[in-house]
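Student: Provided herewith is a single structure, encoded as structure tokens, for subsequent inquiry.
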Amino acid sequence: MPPSIQKTDAQWRELLATKGAEPVAFEVTRHAATERPFTGRYETQWASGVYRCICCEAKLFESDTKFDAGCGWPSFHTPADPAAITEHRDTTLGMVRIETVCTQCGAHLGHVFNDGPAPTGLRYCMNSASLQFEAETATPGTETQK
């Protein structure tokens, strides 16, 4: 089933540029490129919040499912909504892997492997360039007084 959001390459480039996305974001999300390990902005980020698709802002992962896999890319054990991510068999580069894409817009996100922690045993290995982080905000009335 094709993604519900479809655009031309020119439209995706323009959209990503207006969001201030890194140039690699277009190549990663629209042409299934991979950023180099240990170079992504979210690989070592541990703030509370939500990770969304950089292209369409679909909610993909919650920060409490992120873990340090030591692989060089942000890794998560559970999607925020399993329906938000579509999986495909990927045989590029002489390997057999499972590619993950955003269900809503078809953006390449990364790959999923079966070597993750409990509770799922999965490792969603994502490209930082395909994600946009939305920090958790304090609920009114819960701020600490100084």
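Quick note on naming: the chains in the structure tokens go A, B, ... in the order shown, residues restart at 1 in each chain, and ligands are numbered from 1 in order of appearance.
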Just want the 9 Å neighbourhood of Cys56 of chain A, counted on only C-alpha atoms, with same-chain residues fewer than 5 positions away dropped. Output as number ranges by chain.
Tutor: A: 5, 102, 104-105, 107
Student: Any idea what the distance is between atom CA of Phe67 of chain A and atom CA of Gly116 of chain A?
Tutor: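 Atom-to-atom, atom CA of Phe67 of chain A and atom CA of Gly116 of chain A are spaced 9.0 Å apart.
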Student: Looking only at strand (DSSP E) from DSSP on the backbone, list the matching residues of chain A as a ChimeraX atom specification.
Tutor: /A:49-53,59-62,66-67,75-76,85-90,97-102,108-113,123-126,131-135
Student: Leaving out segment 60-62 of chain A and any residue of its chain fewer than 6 positions from it, which residues lie within 12 Å of it when counting only C-alpha atoms, given as number ranges by chain?
Tutor: A: 46-54, 74-86, 100-104, 107, 109, 124-126, 130-136
Student: The selected residues should be written to file as a compact mmCIF listing (two decimals), in the first residue's frame (atoms: N, CA and C atoms).
Tutor:
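Dumped to out_11.txt:
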# COMPACT_ATOMS: atom_id res chain seq x y z
N TRP A 46 19.76 11.97 25.37
CA TRP A 46 18.95 11.21 26.33
C TRP A 46 17.84 12.04 26.96
N ALA A 47 17.49 13.16 26.36
CA ALA A 47 16.42 14.01 26.88
C ALA A 47 15.06 13.31 26.73
N SER A 48 14.11 13.71 27.57
CA SER A 48 12.76 13.15 27.50
C SER A 48 11.97 13.85 26.40
N GLY A 49 11.23 13.04 25.65
CA GLY A 49 10.40 13.61 24.59
C GLY A 49 9.99 12.56 23.58
N VAL A 50 9.67 13.03 22.39
CA VAL A 50 9.15 12.19 21.32
C VAL A 50 10.00 12.37 20.07
N TYR A 51 10.27 11.28 19.39
CA TYR A 51 10.98 11.31 18.11
C TYR A 51 9.94 11.15 17.01
N ARG A 52 9.95 12.09 16.06
CA ARG A 52 8.98 12.11 14.96
C ARG A 52 9.70 11.98 13.62
N CYS A 53 8.96 11.62 12.59
CA CYS A 53 9.50 11.58 11.24
C CYS A 53 9.84 13.01 10.81
N ILE A 54 11.03 13.23 10.30
CA ILE A 54 11.45 14.57 9.87
C ILE A 54 10.61 15.06 8.70
N PRO A 74 20.94 6.09 16.86
CA PRO A 74 19.94 6.02 17.91
C PRO A 74 19.15 4.72 17.77
N SER A 75 18.94 4.04 18.90
CA SER A 75 18.25 2.75 18.88
C SER A 75 17.11 2.75 19.89
N PHE A 76 16.03 2.10 19.51
CA PHE A 76 14.81 2.03 20.30
C PHE A 76 14.32 0.59 20.33
N HIS A 77 13.66 0.19 21.41
CA HIS A 77 13.15 -1.19 21.46
C HIS A 77 11.68 -1.31 21.08
N THR A 78 10.94 -0.20 21.06
CA THR A 78 9.51 -0.26 20.77
C THR A 78 9.05 1.01 20.06
N PRO A 79 8.32 0.88 18.96
CA PRO A 79 7.75 2.08 18.33
C PRO A 79 6.63 2.66 19.19
N ALA A 80 6.39 3.95 19.05
CA ALA A 80 5.28 4.58 19.77
C ALA A 80 3.95 3.99 19.32
N ASP A 81 3.84 3.72 18.03
CA ASP A 81 2.66 3.08 17.45
C ASP A 81 3.18 2.15 16.36
N PRO A 82 3.05 0.85 16.54
CA PRO A 82 3.57 -0.08 15.53
C PRO A 82 3.06 0.20 14.10
N ALA A 83 1.87 0.74 13.98
CA ALA A 83 1.32 1.05 12.66
C ALA A 83 2.02 2.23 11.98
N ALA A 84 2.78 3.02 12.74
CA ALA A 84 3.47 4.18 12.18
C ALA A 84 4.71 3.79 11.38
N ILE A 85 5.17 2.54 11.56
CA ILE A 85 6.38 2.07 10.89
C ILE A 85 6.04 0.84 10.05
N THR A 86 6.45 0.87 8.79
CA THR A 86 6.26 -0.26 7.89
C THR A 86 7.62 -0.92 7.68
N THR A 100 13.04 -0.17 7.77
CA THR A 100 11.89 0.49 8.37
C THR A 100 11.64 1.80 7.64
N VAL A 101 10.38 2.05 7.32
CA VAL A 101 9.98 3.30 6.67
C VAL A 101 8.77 3.87 7.41
N CYS A 102 8.59 5.15 7.30
CA CYS A 102 7.42 5.81 7.87
C CYS A 102 6.20 5.40 7.05
N THR A 103 5.22 4.85 7.69
CA THR A 103 4.01 4.40 7.00
C THR A 103 3.31 5.56 6.31
N GLN A 104 3.30 6.72 6.94
CA GLN A 104 2.56 7.86 6.42
C GLN A 104 3.17 8.48 5.17
N ALA A 107 9.20 7.66 4.22
CA ALA A 107 10.59 8.04 4.51
C ALA A 107 11.37 6.85 5.05
N LEU A 109 13.79 5.18 7.42
CA LEU A 109 14.17 5.51 8.79
C LEU A 109 15.45 4.80 9.20
N TYR A 124 15.45 -1.09 16.93
CA TYR A 124 15.13 -0.21 15.82
C TYR A 124 16.29 0.77 15.71
N CYS A 125 17.14 0.52 14.75
CA CYS A 125 18.37 1.29 14.53
C CYS A 125 18.05 2.38 13.51
N MET A 126 17.92 3.62 13.98
CA MET A 126 17.42 4.71 13.15
C MET A 126 18.52 5.71 12.78
N SER A 130 16.69 11.14 9.85
CA SER A 130 15.29 10.87 9.51
C SER A 130 14.34 11.26 10.65
N LEU A 131 14.91 11.74 11.75
CA LEU A 131 14.12 12.04 12.94
C LEU A 131 14.12 13.52 13.28
N GLN A 132 13.09 13.92 13.99
CA GLN A 132 13.02 15.26 14.57
C GLN A 132 12.56 15.05 16.00
N PHE A 133 13.26 15.66 16.93
CA PHE A 133 12.98 15.45 18.35
C PHE A 133 12.10 16.57 18.89
N GLU A 134 11.10 16.18 19.65
CA GLU A 134 10.21 17.13 20.32
C GLU A 134 10.37 16.91 21.82
N ALA A 135 11.01 17.86 22.48
CA ALA A 135 11.28 17.73 23.91
C ALA A 135 9.99 17.74 24.71
N GLU A 136 10.01 16.99 25.79
CA GLU A 136 8.87 16.96 26.70
C GLU A 136 8.80 18.30 27.41
Student: I'd like to know which of A:Gln6, A:Thr18, A:Thr120, A:Asn127 is closest to Thr65 of chain A, using only C-alpha atoms.
Tutor: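 Closest candidate: A:Thr120.
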Student: Neighbouring residues of Phe26 of chain A were defined as those with any atom within 8 Å, considering only C-alpha atoms; residues of the same chain fewer than 3 positions away were excluded. Please report them as a PyMOL selection string.
Tutor: chain A and resi 12-13+16+23+29-31
Student: In Å, rounded to a single decimal, give me how far atom CA of Glu57 of chain A is from atom CA of His108 of chain A.
Tutor: 13.5 Å
Student: As a ChimeraX atom specification, which residues of chain A does DSSP assign to helix (DSSP H, G or I)?
Tutor: /A:9-18,24-31,63-65,82-84,92-94,128-130
Student: I'd like the neighbourhood of Phe38 of chain A as a list in words, where a residue qualifies if any of its atoms comes within 10 Å (using only C-alpha atoms), though same-chain residues fewer than 2 positions away should be ignored.
Tutor: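 Skipping anything fewer than 2 positions along the chain leaves Glu35, Arg36, Gly40, Arg41, Tyr42, Glu43, Thr44, Gly70, Cys71, Gly72, Trp73, Pro74 and Ser128 of chain A.
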Student: Atom CA of Leu93 of chain A and atom CA of Val24 of chain A, how far apart in Å?
Tutor: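 Interatomic distance, atom CA of Val24 of chain A to atom CA of Leu93 of chain A: 19.3 Å.
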